[in-house]
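Undergrad: Before anything else, here's the structure in question.
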Amino acid sequence: MPLVGYGVFQVDPAECERCVTEALSVGYRSIDTAQAYFNEEGVGNAWRKSGIAREDLFLTTKVWVSNFEGNKAAESIDTSLRKLQTDYIDLLLIHQCFGDYYNAYRAMEDALKAGKVRAIGVSNFYYDRFVDIAEMMDVKPAVNQIEVNVFAQQKPMQELCAKYGTHLMAWGPLAEGFNNFFTNPVLAEIGIKYGKSVAQVALRYLVQRDIIVIPKSVRKERMEQNFDIMDFELSADDMKAISALDLGHGVVVNFEDPMQRVSLFDIIKKYKV
């Protein structure tokens with residue numbers, strides 16, 4: 001799996017095909033979508049029209065909470081395959097740790113055995129829920145996709161995941177602009193040394209920690225910038241300075257805040273895919 005991919009969260013379904021087409025033209029070969037983004041069709045149309053061989057792409061999608069129960073999980077996987085216009089999904093994740101995620105994960109294990117999926121994992125699973133899945137299911141999660149950025153660095157979570165051979169994947173690697181991210185003086189000063197932007201420095205920091213990143217932009221010039229992070233390396237002092245920015249919790253969504261958990265679950269109960 002490439003360390004740098006393109007995420008389509010909050011990309012309008014009507015714009016998704018164009019955005020993914022441009023991302024592929026820039027050089028991205030890993031695309032991250034989800035049933036709940038309602039834009040899997042756009043991803044499928046874009047890669048099919050690109051002329052890029054399927055084996056040269058890495059497609060990730062996620063099973064949504066409303067599809068966890070009974071046969072819905074297996075049926076939703078087949079629906080995702082159809083929308084993505086592919087015979088297999090490279091990485092399939094449980095999207096949230098609510099509802100009957102045990103049943104959904106077993107359906108994903110079955111899809112793995114059937115060759116419909118190449119790897120399975122989880123998203124937004126924190127300490128207890130992650131260990132629950134990792135210990136109780138037959139297949140250890142290949143990936144745990146959570147909020148990771150310079151303000152929410154998830155060092156203990158990365159250490160825990162590593163014990164199970166699970167890679168950390170960052171959604172919100174640019175903190176969605178929260179906490180004055182794009183004008184952060186530490187990142188800006190480091191960027192000047194390398195002729196790089198704040199965003200490039202922040203993404204490079206995560207990649208050097210072996211964290212998968214999936215920045216999203218609907219503008220091609222930003223896609224290019226986010227992709228262009230492999231031609232420089234942050235020094236140990238740079239890494240230490242950025243490490244000090246860690247707040248120890250999410251800035252987009254703080255999953256460790258009980259009330260934010262309740263608010264999120266209220267939204268999930270109303271949200272059907």
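Just remember, in the structure tokens the first chain shown is A, the second B, etc., residues are 1-based per chain, and ligands are 1-based in the order shown.
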Tell me which protein, DNA and RNA residues are within 12 Å of Val4 (chain A), counting only C-alpha atoms, leaving out same-chain ones fewer than 5 positions away, and put them as a PyMOL selection string.
TA: chain A and resi 23+27-32+58+169-171+173+200+203-204+206-208+210-216+223-230
Undergrad: Now that the selection is made, can you save its residues with N, CA, C and O atoms as a compact mmCIF listing (two decimals), in the first residue's frame?
TA:
```txt
# COMPACT_ATOMS: atom_id res chain seq x y z
N ALA A 23 -6.34 13.36 -9.60
CA ALA A 23 -5.39 12.76 -8.64
C ALA A 23 -4.57 11.66 -9.31
O ALA A 23 -3.35 11.56 -9.11
N GLY A 27 -0.35 11.32 -10.10
CA GLY A 27 0.51 10.21 -9.74
C GLY A 27 0.00 9.36 -8.58
O GLY A 27 0.59 8.33 -8.24
N TYR A 28 -1.07 9.78 -7.93
CA TYR A 28 -1.65 8.98 -6.86
C TYR A 28 -2.09 7.62 -7.42
O TYR A 28 -2.66 7.54 -8.51
N ARG A 29 -1.83 6.59 -6.64
CA ARG A 29 -2.28 5.24 -7.03
C ARG A 29 -3.06 4.58 -5.91
O ARG A 29 -3.46 3.42 -6.04
N SER A 30 -3.27 5.28 -4.82
CA SER A 30 -4.08 4.78 -3.71
C SER A 30 -5.23 5.75 -3.50
O SER A 30 -5.01 6.95 -3.30
N ILE A 31 -6.46 5.24 -3.56
CA ILE A 31 -7.66 6.06 -3.40
C ILE A 31 -8.48 5.52 -2.24
O ILE A 31 -8.77 4.32 -2.17
N ASP A 32 -8.87 6.40 -1.33
CA ASP A 32 -9.63 6.01 -0.14
C ASP A 32 -11.04 6.59 -0.22
O ASP A 32 -11.22 7.81 -0.30
N PHE A 58 -4.55 0.90 -5.73
CA PHE A 58 -4.89 0.40 -4.40
C PHE A 58 -6.17 1.10 -3.97
O PHE A 58 -6.17 2.30 -3.70
N MET A 169 -3.17 4.57 9.75
CA MET A 169 -3.52 5.33 8.56
C MET A 169 -4.21 6.62 9.00
O MET A 169 -5.14 6.58 9.81
N ALA A 170 -3.75 7.74 8.52
CA ALA A 170 -4.20 9.03 9.01
C ALA A 170 -5.32 9.62 8.16
O ALA A 170 -5.10 9.94 6.98
N TRP A 171 -6.50 9.75 8.75
CA TRP A 171 -7.46 10.67 8.12
C TRP A 171 -7.26 12.03 8.79
O TRP A 171 -6.77 12.12 9.91
N PRO A 173 -4.98 14.31 7.93
CA PRO A 173 -3.55 14.54 8.19
C PRO A 173 -3.16 16.02 8.17
O PRO A 173 -2.09 16.37 8.67
N GLN A 200 3.12 20.24 3.31
CA GLN A 200 4.13 19.25 2.91
C GLN A 200 4.98 18.81 4.10
O GLN A 200 5.30 17.63 4.24
N LEU A 203 2.80 16.48 6.31
CA LEU A 203 2.63 15.16 5.71
C LEU A 203 3.92 14.36 5.77
O LEU A 203 3.92 13.16 6.04
N ARG A 204 5.04 15.06 5.51
CA ARG A 204 6.33 14.38 5.55
C ARG A 204 6.62 13.84 6.96
O ARG A 204 7.16 12.75 7.12
N LEU A 206 4.49 12.70 9.12
CA LEU A 206 3.75 11.46 9.33
C LEU A 206 4.35 10.31 8.54
O LEU A 206 4.50 9.20 9.06
N VAL A 207 4.72 10.58 7.31
CA VAL A 207 5.30 9.53 6.46
C VAL A 207 6.61 9.02 7.07
O VAL A 207 6.89 7.82 7.04
N GLN A 208 7.40 9.91 7.63
CA GLN A 208 8.65 9.48 8.26
C GLN A 208 8.41 8.64 9.51
O GLN A 208 9.30 7.91 9.95
N ASP A 210 6.18 6.38 9.36
CA ASP A 210 5.59 5.19 8.73
C ASP A 210 4.08 5.16 8.90
O ASP A 210 3.48 4.10 9.09
N ILE A 211 3.47 6.34 8.84
CA ILE A 211 2.01 6.46 8.89
C ILE A 211 1.50 6.76 7.50
O ILE A 211 2.00 7.65 6.81
N ILE A 212 0.48 6.02 7.08
CA ILE A 212 -0.14 6.22 5.77
C ILE A 212 -0.99 7.49 5.81
O ILE A 212 -1.73 7.71 6.77
N VAL A 213 -0.89 8.34 4.78
CA VAL A 213 -1.64 9.59 4.74
C VAL A 213 -2.54 9.62 3.50
O VAL A 213 -2.16 9.12 2.44
N ILE A 214 -3.71 10.23 3.64
CA ILE A 214 -4.65 10.32 2.52
C ILE A 214 -5.22 11.75 2.46
O ILE A 214 -6.42 11.97 2.66
N PRO A 215 -4.38 12.75 2.20
CA PRO A 215 -4.88 14.13 2.12
C PRO A 215 -5.91 14.28 1.01
O PRO A 215 -5.82 13.63 -0.03
N LYS A 216 -6.86 15.17 1.25
CA LYS A 216 -7.92 15.43 0.28
C LYS A 216 -7.87 16.88 -0.17
O LYS A 216 -7.66 17.79 0.63
N MET A 223 -3.37 18.94 -4.88
CA MET A 223 -3.10 17.51 -5.00
C MET A 223 -1.62 17.30 -5.32
O MET A 223 -0.96 16.42 -4.74
N GLU A 224 -1.10 18.08 -6.25
CA GLU A 224 0.31 17.97 -6.64
C GLU A 224 1.23 18.27 -5.46
O GLU A 224 2.22 17.55 -5.22
N GLN A 225 0.90 19.31 -4.74
CA GLN A 225 1.72 19.70 -3.60
C GLN A 225 1.71 18.62 -2.52
O GLN A 225 2.77 18.26 -1.97
N ASN A 226 0.54 18.08 -2.21
CA ASN A 226 0.44 17.06 -1.18
C ASN A 226 1.16 15.77 -1.56
O ASN A 226 1.61 15.02 -0.69
N PHE A 227 1.27 15.53 -2.86
CA PHE A 227 1.93 14.32 -3.35
C PHE A 227 3.45 14.46 -3.39
O PHE A 227 4.18 13.47 -3.32
N ASP A 228 3.91 15.70 -3.45
CA ASP A 228 5.33 15.99 -3.65
C ASP A 228 6.07 16.11 -2.31
O ASP A 228 6.54 17.19 -1.93
N ILE A 229 6.18 14.99 -1.61
CA ILE A 229 6.80 15.03 -0.28
C ILE A 229 7.91 13.99 -0.13
O ILE A 229 8.41 13.77 0.99
N MET A 230 8.30 13.37 -1.20
CA MET A 230 9.29 12.30 -1.12
C MET A 230 10.70 12.74 -1.51
O MET A 230 11.61 11.91 -1.54
```
Undergrad: Would you please extract all strand (DSSP E or B) residues from region 5-61 of chain A, as assigned by DSSP on the backbone, and give them as a PyMOL selection string?
TA: chain A and resi 6-7+30-32+58-61
Undergrad: Emit the selected residues as a short mmCIF file (atom, residue, chain, number, x, y, z; two decimals), in the first residue's frame, including all heavy atoms.
TA:
```cif
data_model
loop_
_atom_site.label_atom_id
_atom_site.label_comp_id
_atom_site.auth_asym_id
_atom_site.auth_seq_id
_atom_site.Cartn_x
_atom_site.Cartn_y
_atom_site.Cartn_z
N TYR A 6 -4.88 9.37 -1.91
CA TYR A 6 -5.84 10.47 -2.09
C TYR A 6 -7.16 10.09 -1.45
O TYR A 6 -7.75 9.05 -1.77
CB TYR A 6 -6.03 10.76 -3.58
CG TYR A 6 -7.03 11.85 -3.87
CD1 TYR A 6 -6.77 13.17 -3.51
CD2 TYR A 6 -8.24 11.56 -4.50
CE1 TYR A 6 -7.69 14.18 -3.77
CE2 TYR A 6 -9.17 12.57 -4.77
CZ TYR A 6 -8.89 13.87 -4.39
OH TYR A 6 -9.80 14.87 -4.65
N GLY A 7 -7.64 10.91 -0.53
CA GLY A 7 -8.90 10.66 0.16
C GLY A 7 -10.04 11.47 -0.45
O GLY A 7 -9.85 12.61 -0.85
N SER A 30 -3.27 5.28 -4.82
CA SER A 30 -4.08 4.78 -3.71
C SER A 30 -5.23 5.75 -3.50
O SER A 30 -5.01 6.95 -3.30
CB SER A 30 -3.23 4.67 -2.44
OG SER A 30 -4.03 4.28 -1.34
N ILE A 31 -6.46 5.24 -3.56
CA ILE A 31 -7.66 6.06 -3.40
C ILE A 31 -8.48 5.52 -2.24
O ILE A 31 -8.77 4.32 -2.17
CB ILE A 31 -8.53 6.06 -4.68
CG1 ILE A 31 -7.69 6.43 -5.92
CG2 ILE A 31 -9.71 7.01 -4.52
CD1 ILE A 31 -7.11 7.82 -5.90
N ASP A 32 -8.87 6.40 -1.33
CA ASP A 32 -9.63 6.01 -0.14
C ASP A 32 -11.04 6.59 -0.22
O ASP A 32 -11.22 7.81 -0.30
CB ASP A 32 -8.94 6.53 1.12
CG ASP A 32 -9.71 6.20 2.38
OD1 ASP A 32 -10.60 7.00 2.77
OD2 ASP A 32 -9.44 5.14 2.97
N PHE A 58 -4.55 0.90 -5.73
CA PHE A 58 -4.89 0.40 -4.40
C PHE A 58 -6.17 1.10 -3.97
O PHE A 58 -6.17 2.30 -3.70
CB PHE A 58 -3.76 0.67 -3.41
CG PHE A 58 -3.86 -0.13 -2.14
CD1 PHE A 58 -3.12 -1.28 -1.96
CD2 PHE A 58 -4.72 0.27 -1.11
CE1 PHE A 58 -3.21 -2.03 -0.79
CE2 PHE A 58 -4.83 -0.46 0.06
CZ PHE A 58 -4.07 -1.62 0.22
N LEU A 59 -7.27 0.35 -3.92
CA LEU A 59 -8.58 0.92 -3.59
C LEU A 59 -9.01 0.51 -2.19
O LEU A 59 -9.02 -0.67 -1.84
CB LEU A 59 -9.63 0.45 -4.61
CG LEU A 59 -9.38 0.82 -6.07
CD1 LEU A 59 -10.50 0.27 -6.96
CD2 LEU A 59 -9.26 2.34 -6.25
N THR A 60 -9.37 1.53 -1.41
CA THR A 60 -9.85 1.31 -0.03
C THR A 60 -11.28 1.82 0.08
O THR A 60 -11.60 2.91 -0.41
CB THR A 60 -8.98 2.07 0.98
OG1 THR A 60 -7.64 1.61 0.89
CG2 THR A 60 -9.49 1.89 2.40
N THR A 61 -12.15 1.04 0.72
CA THR A 61 -13.48 1.53 1.06
C THR A 61 -13.85 0.99 2.43
O THR A 61 -13.10 0.23 3.04
CB THR A 61 -14.53 1.17 -0.02
OG1 THR A 61 -15.72 1.93 0.23
CG2 THR A 61 -14.85 -0.31 -0.04
#
```
Undergrad: Please list as a PyMOL selection string every residue within 10 Å of Gln10 (chain A), counting only C-alpha atoms and excluding residues in the same chain fewer than 6 positions away.
TA: chain A and resi 16+33+36-39+216-218
Undergrad: Please produce a file of those selected residues containing N, CA and C atoms, as an mmCIF file, in the first residue's frame.
TA:
```
data_model
loop_
_atom_site.group_PDB
_atom_site.id
_atom_site.type_symbol
_atom_site.label_atom_id
_atom_site.label_comp_id
_atom_site.auth_asym_id
_atom_site.auth_seq_id
_atom_site.Cartn_x
_atom_site.Cartn_y
_atom_site.Cartn_z
ATOM 1 N N CYS A 16 -16.623 13.854 -7.821
ATOM 2 C CA CYS A 16 -15.643 12.837 -7.450
ATOM 3 C C CYS A 16 -14.887 12.278 -8.652
ATOM 4 N N THR A 33 -12.045 5.708 -0.202
ATOM 5 C CA THR A 33 -13.440 6.132 -0.219
ATOM 6 C C THR A 33 -14.200 5.354 0.854
ATOM 7 N N ALA A 36 -20.271 5.444 3.028
ATOM 8 C CA ALA A 36 -20.941 6.618 3.588
ATOM 9 C C ALA A 36 -20.546 7.915 2.901
ATOM 10 N N TYR A 37 -19.586 7.880 1.980
ATOM 11 C CA TYR A 37 -19.231 9.098 1.244
ATOM 12 C C TYR A 37 -20.104 9.277 0.009
ATOM 13 N N PHE A 38 -20.822 8.221 -0.367
ATOM 14 C CA PHE A 38 -21.714 8.257 -1.523
ATOM 15 C C PHE A 38 -20.993 8.619 -2.820
ATOM 16 N N ASN A 39 -19.721 8.285 -2.916
ATOM 17 C CA ASN A 39 -18.989 8.629 -4.143
ATOM 18 C C ASN A 39 -18.135 7.475 -4.670
ATOM 19 N N LYS A 216 -6.863 15.175 1.254
ATOM 20 C CA LYS A 216 -7.921 15.427 0.282
ATOM 21 C C LYS A 216 -7.867 16.876 -0.169
ATOM 22 N N SER A 217 -8.035 17.070 -1.477
ATOM 23 C CA SER A 217 -8.214 18.409 -2.029
ATOM 24 C C SER A 217 -8.985 18.269 -3.322
ATOM 25 N N VAL A 218 -9.778 19.277 -3.659
ATOM 26 C CA VAL A 218 -10.490 19.259 -4.938
ATOM 27 C C VAL A 218 -9.758 20.112 -5.980
#
```
Undergrad: Set the distance at 9 Å and use only C-alpha atoms: which residues neighbour region 153-158 of chain A once local chain neighbours fewer than 3 positions away are removed? I'd like the list as a PyMOL selection string.
TA: chain A and resi 126-127+146-150+161-163+166-168+206+211+243+245-250
Undergrad: Would you mind exporting N, CA, C and O atoms of the selected residues as a compact mmCIF listing (two decimals), in the first residue's frame?
TA:
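Full text of selection02.txt as output:
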```
# COMPACT_ATOMS: atom_id res chain seq x y z
N TYR A 126 -10.44 2.97 18.79
CA TYR A 126 -9.43 3.37 19.75
C TYR A 126 -9.13 2.22 20.71
O TYR A 126 -9.54 1.10 20.47
N TYR A 127 -8.41 2.48 21.77
CA TYR A 127 -7.73 1.45 22.53
C TYR A 127 -8.54 0.19 22.83
O TYR A 127 -8.19 -0.91 22.39
N ILE A 146 -7.42 6.36 11.72
CA ILE A 146 -7.92 7.29 12.72
C ILE A 146 -7.39 8.68 12.42
O ILE A 146 -6.53 8.85 11.54
N GLU A 147 -7.89 9.67 13.15
CA GLU A 147 -7.36 11.02 12.98
C GLU A 147 -5.91 11.06 13.47
O GLU A 147 -5.63 10.80 14.64
N VAL A 148 -5.01 11.41 12.56
CA VAL A 148 -3.60 11.61 12.93
C VAL A 148 -3.09 12.84 12.20
O VAL A 148 -3.25 12.96 10.98
N ASN A 149 -2.53 13.75 12.94
CA ASN A 149 -1.92 14.95 12.36
C ASN A 149 -0.92 15.50 13.39
O ASN A 149 -0.70 14.86 14.43
N VAL A 150 -0.34 16.63 13.12
CA VAL A 150 0.71 17.15 14.04
C VAL A 150 0.16 17.50 15.41
O VAL A 150 0.91 17.54 16.39
N CYS A 161 -0.98 -0.53 18.02
CA CYS A 161 -1.28 -1.17 16.74
C CYS A 161 -0.10 -2.02 16.27
O CYS A 161 -0.29 -3.12 15.73
N ALA A 162 1.10 -1.52 16.46
CA ALA A 162 2.29 -2.23 16.01
C ALA A 162 2.41 -3.60 16.67
O ALA A 162 2.93 -4.55 16.07
N LYS A 163 1.92 -3.74 17.89
CA LYS A 163 1.98 -5.02 18.59
C LYS A 163 1.19 -6.09 17.86
O LYS A 163 1.46 -7.29 18.00
N THR A 166 -0.47 -4.04 12.91
CA THR A 166 -1.44 -3.15 12.28
C THR A 166 -0.81 -1.80 11.96
O THR A 166 -0.16 -1.20 12.82
N HIS A 167 -0.99 -1.33 10.73
CA HIS A 167 -0.46 -0.04 10.32
C HIS A 167 -1.45 1.08 10.65
O HIS A 167 -2.66 0.90 10.50
N LEU A 168 -0.92 2.22 11.05
CA LEU A 168 -1.75 3.39 11.31
C LEU A 168 -1.93 4.18 10.02
O LEU A 168 -0.98 4.40 9.27
N LEU A 206 4.49 12.70 9.12
CA LEU A 206 3.75 11.46 9.33
C LEU A 206 4.35 10.31 8.54
O LEU A 206 4.50 9.20 9.06
N ILE A 211 3.47 6.34 8.84
CA ILE A 211 2.01 6.46 8.89
C ILE A 211 1.50 6.76 7.50
O ILE A 211 2.00 7.65 6.81
N SER A 243 7.13 17.08 16.97
CA SER A 243 6.59 16.19 17.99
C SER A 243 6.02 16.98 19.18
O SER A 243 5.03 16.58 19.79
N LEU A 245 4.33 19.57 19.13
CA LEU A 245 3.03 20.18 18.82
C LEU A 245 1.87 19.30 19.26
O LEU A 245 0.71 19.73 19.24
N ASP A 246 2.15 18.07 19.63
CA ASP A 246 1.11 17.10 19.96
C ASP A 246 0.27 17.57 21.15
O ASP A 246 0.80 17.90 22.21
N LEU A 247 -1.05 17.58 20.97
CA LEU A 247 -1.97 17.94 22.04
C LEU A 247 -2.49 16.71 22.79
O LEU A 247 -3.14 16.84 23.83
N GLY A 248 -2.25 15.54 22.23
CA GLY A 248 -2.66 14.31 22.90
C GLY A 248 -4.09 13.90 22.66
O GLY A 248 -4.58 12.94 23.26
N HIS A 249 -4.79 14.60 21.77
CA HIS A 249 -6.18 14.24 21.44
C HIS A 249 -6.52 14.80 20.07
O HIS A 249 -5.82 15.66 19.53
N GLY A 250 -7.61 14.30 19.50
CA GLY A 250 -8.04 14.78 18.20
C GLY A 250 -8.46 16.23 18.23
O GLY A 250 -8.99 16.70 19.24
```
Undergrad: Would you please work out which residue, of A:Tyr271, A:Glu75, A:Tyr105, A:Leu81, is nearest to Glu40 (chain A) when using only C-alpha atoms?
TA: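 That would be A:Leu81, the residue with the smallest distance to Glu40 (chain A).
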Undergrad: From the set A:Met1, A:Leu93, A:Leu187, A:Val26, which residue has the shortest atom-to-atom contact distance to Pro141 (chain A), counting only C-alpha atoms?
TA: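 Closest candidate: A:Leu93.
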Undergrad: If you run DSSP on the backbone, which residues of region 38-273 of chain A are alpha helix (DSSP H), as number ranges by chain?
TA: A: 40-50, 72-84, 101-113, 127-136, 155-163, 185-194, 198-208, 220-227, 236-243, 258-270
Undergrad: For CA of Tyr194 (chain A) and CA of Glu233 (chain A), quote the distance in Å rounded to one decimal.
TA: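 Going from CA of Tyr194 (chain A) over to CA of Glu233 (chain A) covers 8.8 Å.
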Undergrad: Between A:Leu264, A:Asn103, A:Val186, A:Asp110, which is the closest to Asp237 (chain A) once you count only C-alpha atoms?
TA: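 Of A:Leu264, A:Asn103, A:Val186, A:Asp110, the one nearest Asp237 (chain A) is A:Val186, counting only C-alpha atoms.
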Undergrad: Between A:Ala34, A:Ala134, A:Leu3, A:Cys97, which has the minimum distance to Thr79 (chain A) (counting only C-alpha atoms)?
TA: A:Ala34
Undergrad: Contacts of Val139 (chain A) at 10 Å or less, counting only C-alpha atoms, minus same-chain residues fewer than 4 places along, as a PDB file with C-alpha atoms, in the first residue's frame?
TA:
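To be explicit, this is the file written out as result00.pdb:
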```pdb
ATOM      1  CA  TYR A 105     -15.978  -8.003  10.527  1.00  0.00           C
ATOM      2  CA  ARG A 106     -16.851 -11.690  10.100  1.00  0.00           C
ATOM      3  CA  MET A 108     -15.235  -9.074   5.821  1.00  0.00           C
ATOM      4  CA  GLU A 109     -13.220 -12.144   6.843  1.00  0.00           C
ATOM      5  CA  LEU A 112     -11.172 -12.033   2.327  1.00  0.00           C
ATOM      6  CA  ALA A 119      -6.875  -6.980   3.299  1.00  0.00           C
ATOM      7  CA  ILE A 120      -9.249  -5.919   6.077  1.00  0.00           C
ATOM      8  CA  GLY A 121      -9.044  -3.515   8.977  1.00  0.00           C
ATOM      9  CA  ILE A 133     -11.204  -6.783  17.455  1.00  0.00           C
ATOM     10  CA  ALA A 134      -7.503  -7.646  17.315  1.00  0.00           C
ATOM     11  CA  GLU A 135      -7.807 -10.269  20.047  1.00  0.00           C
TER      12      GLU A 135
END
```
Undergrad: Quick one, how far is CA of Val251 (chain A) from CA of Ser123 (chain A)?
TA: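 Separation between CA of Val251 (chain A) and CA of Ser123 (chain A): 16.7 Å.
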Undergrad: For Asp78 (chain A), list every protein, DNA or RNA residue within 12 Å, evaluated using only C-alpha atoms, and leave out those in the same chain fewer than 4 positions away; present the list as a PyMOL selection string.
TA: chain A and resi 35+61+63+67+71-74+82-89+92+107-108+111+114-117
Undergrad: Let me see the file: selected residues, N, CA, C and O atoms, as an mmCIF file, in the first residue's frame.
TA:
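So part.cif came out as:
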```
data_model
loop_
_atom_site.group_PDB
_atom_site.id
_atom_site.type_symbol
_atom_site.label_atom_id
_atom_site.label_comp_id
_atom_site.auth_asym_id
_atom_site.auth_seq_id
_atom_site.Cartn_x
_atom_site.Cartn_y
_atom_site.Cartn_z
ATOM 1 N N GLN A 35 -18.520 3.694 1.787
ATOM 2 C CA GLN A 35 -19.948 3.632 1.454
ATOM 3 C C GLN A 35 -20.653 4.911 1.879
ATOM 4 O O GLN A 35 -21.520 5.422 1.169
ATOM 5 N N THR A 61 -12.148 1.043 0.716
ATOM 6 C CA THR A 61 -13.480 1.531 1.056
ATOM 7 C C THR A 61 -13.854 0.989 2.430
ATOM 8 O O THR A 61 -13.099 0.231 3.036
ATOM 9 N N VAL A 63 -17.158 -0.248 5.262
ATOM 10 C CA VAL A 63 -18.536 -0.678 5.512
ATOM 11 C C VAL A 63 -19.152 0.235 6.563
ATOM 12 O O VAL A 63 -18.585 0.425 7.646
ATOM 13 N N ASN A 67 -25.032 -0.996 7.706
ATOM 14 C CA ASN A 67 -24.891 -2.262 6.978
ATOM 15 C C ASN A 67 -24.246 -3.363 7.816
ATOM 16 O O ASN A 67 -23.843 -4.383 7.266
ATOM 17 N N ASN A 71 -27.300 -10.066 6.944
ATOM 18 C CA ASN A 71 -26.686 -10.236 5.625
ATOM 19 C C ASN A 71 -26.314 -8.919 4.965
ATOM 20 O O ASN A 71 -25.723 -8.922 3.878
ATOM 21 N N LYS A 72 -26.670 -7.800 5.608
ATOM 22 C CA LYS A 72 -26.410 -6.504 4.987
ATOM 23 C C LYS A 72 -24.925 -6.271 4.737
ATOM 24 O O LYS A 72 -24.546 -5.661 3.741
ATOM 25 N N ALA A 73 -24.085 -6.735 5.651
ATOM 26 C CA ALA A 73 -22.647 -6.500 5.513
ATOM 27 C C ALA A 73 -22.124 -7.121 4.227
ATOM 28 O O ALA A 73 -21.462 -6.465 3.419
ATOM 29 N N ALA A 74 -22.416 -8.409 4.039
ATOM 30 C CA ALA A 74 -21.952 -9.104 2.831
ATOM 31 C C ALA A 74 -22.542 -8.476 1.580
ATOM 32 O O ALA A 74 -21.840 -8.301 0.569
ATOM 33 N N ARG A 82 -19.391 -3.506 -7.052
ATOM 34 C CA ARG A 82 -20.068 -3.083 -8.278
ATOM 35 C C ARG A 82 -19.848 -1.601 -8.546
ATOM 36 O O ARG A 82 -19.535 -1.202 -9.677
ATOM 37 N N LYS A 83 -20.001 -0.785 -7.519
ATOM 38 C CA LYS A 83 -19.834 0.657 -7.700
ATOM 39 C C LYS A 83 -18.403 1.022 -8.070
ATOM 40 O O LYS A 83 -18.163 1.943 -8.858
ATOM 41 N N LEU A 84 -17.445 0.316 -7.489
ATOM 42 C CA LEU A 84 -16.032 0.578 -7.782
ATOM 43 C C LEU A 84 -15.578 -0.076 -9.086
ATOM 44 O O LEU A 84 -14.447 0.124 -9.520
ATOM 45 N N GLN A 85 -16.453 -0.892 -9.674
ATOM 46 C CA GLN A 85 -16.192 -1.557 -10.958
ATOM 47 C C GLN A 85 -14.922 -2.416 -10.898
ATOM 48 O O GLN A 85 -14.043 -2.335 -11.753
ATOM 49 N N THR A 86 -14.859 -3.224 -9.859
ATOM 50 C CA THR A 86 -13.677 -4.051 -9.652
ATOM 51 C C THR A 86 -14.071 -5.421 -9.110
ATOM 52 O O THR A 86 -15.141 -5.570 -8.513
ATOM 53 N N ASP A 87 -13.202 -6.404 -9.316
ATOM 54 C CA ASP A 87 -13.437 -7.753 -8.805
ATOM 55 C C ASP A 87 -12.949 -7.918 -7.371
ATOM 56 O O ASP A 87 -13.278 -8.905 -6.720
ATOM 57 N N TYR A 88 -12.135 -6.986 -6.916
ATOM 58 C CA TYR A 88 -11.617 -7.087 -5.552
ATOM 59 C C TYR A 88 -11.336 -5.697 -4.994
ATOM 60 O O TYR A 88 -11.097 -4.748 -5.737
ATOM 61 N N ILE A 89 -11.388 -5.580 -3.696
ATOM 62 C CA ILE A 89 -11.055 -4.358 -2.968
ATOM 63 C C ILE A 89 -9.724 -4.615 -2.262
ATOM 64 O O ILE A 89 -9.545 -5.649 -1.619
ATOM 65 N N LEU A 92 -10.463 -3.175 2.940
ATOM 66 C CA LEU A 92 -11.831 -2.927 3.383
ATOM 67 C C LEU A 92 -11.820 -2.716 4.889
ATOM 68 O O LEU A 92 -11.268 -3.531 5.637
ATOM 69 N N ALA A 107 -18.122 -10.892 8.182
ATOM 70 C CA ALA A 107 -18.458 -10.846 6.754
ATOM 71 C C ALA A 107 -17.248 -10.414 5.936
ATOM 72 O O ALA A 107 -17.026 -10.904 4.820
ATOM 73 N N MET A 108 -16.454 -9.499 6.496
ATOM 74 C CA MET A 108 -15.235 -9.074 5.821
ATOM 75 C C MET A 108 -14.207 -10.195 5.777
ATOM 76 O O MET A 108 -13.500 -10.373 4.770
ATOM 77 N N ALA A 111 -15.250 -12.365 3.018
ATOM 78 C CA ALA A 111 -14.912 -11.753 1.730
ATOM 79 C C ALA A 111 -13.427 -11.897 1.430
ATOM 80 O O ALA A 111 -13.022 -12.072 0.270
ATOM 81 N N ALA A 114 -12.865 -15.353 0.219
ATOM 82 C CA ALA A 114 -13.442 -15.538 -1.114
ATOM 83 C C ALA A 114 -12.667 -14.798 -2.203
ATOM 84 O O ALA A 114 -12.990 -14.936 -3.386
ATOM 85 N N GLY A 115 -11.677 -13.990 -1.802
ATOM 86 C CA GLY A 115 -10.897 -13.253 -2.788
ATOM 87 C C GLY A 115 -11.520 -11.946 -3.231
ATOM 88 O O GLY A 115 -11.006 -11.284 -4.130
ATOM 89 N N LYS A 116 -12.612 -11.542 -2.574
ATOM 90 C CA LYS A 116 -13.243 -10.269 -2.909
ATOM 91 C C LYS A 116 -12.483 -9.093 -2.307
ATOM 92 O O LYS A 116 -12.656 -7.953 -2.735
ATOM 93 N N VAL A 117 -11.692 -9.388 -1.297
ATOM 94 C CA VAL A 117 -10.946 -8.380 -0.558
ATOM 95 C C VAL A 117 -9.525 -8.904 -0.350
ATOM 96 O O VAL A 117 -9.324 -10.101 -0.120
#
```
Undergrad: Looking at only C-alpha atoms, which of A:Met136, A:Ala202, A:Leu57, A:Val20 is the one that sits closest to Glu189 (chain A)?
TA: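 Between A:Met136, A:Ala202, A:Leu57, A:Val20, the residue approaching Glu189 (chain A) most closely is A:Ala202.
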Undergrad: May I ask which of the residues A:Ala104, A:Arg222, A:His95, A:Gln260 is the closest one to Val143 (chain A), counting only C-alpha atoms?
TA: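 Between A:Ala104, A:Arg222, A:His95, A:Gln260, the residue approaching Val143 (chain A) most closely is A:His95.
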Undergrad: At what distance in Å, to one decimal, does CA of Gly5 (chain A) lie from CA of Val122 (chain A)?
TA: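 CA of Gly5 (chain A) lies at a distance of 17.1 Å from CA of Val122 (chain A).
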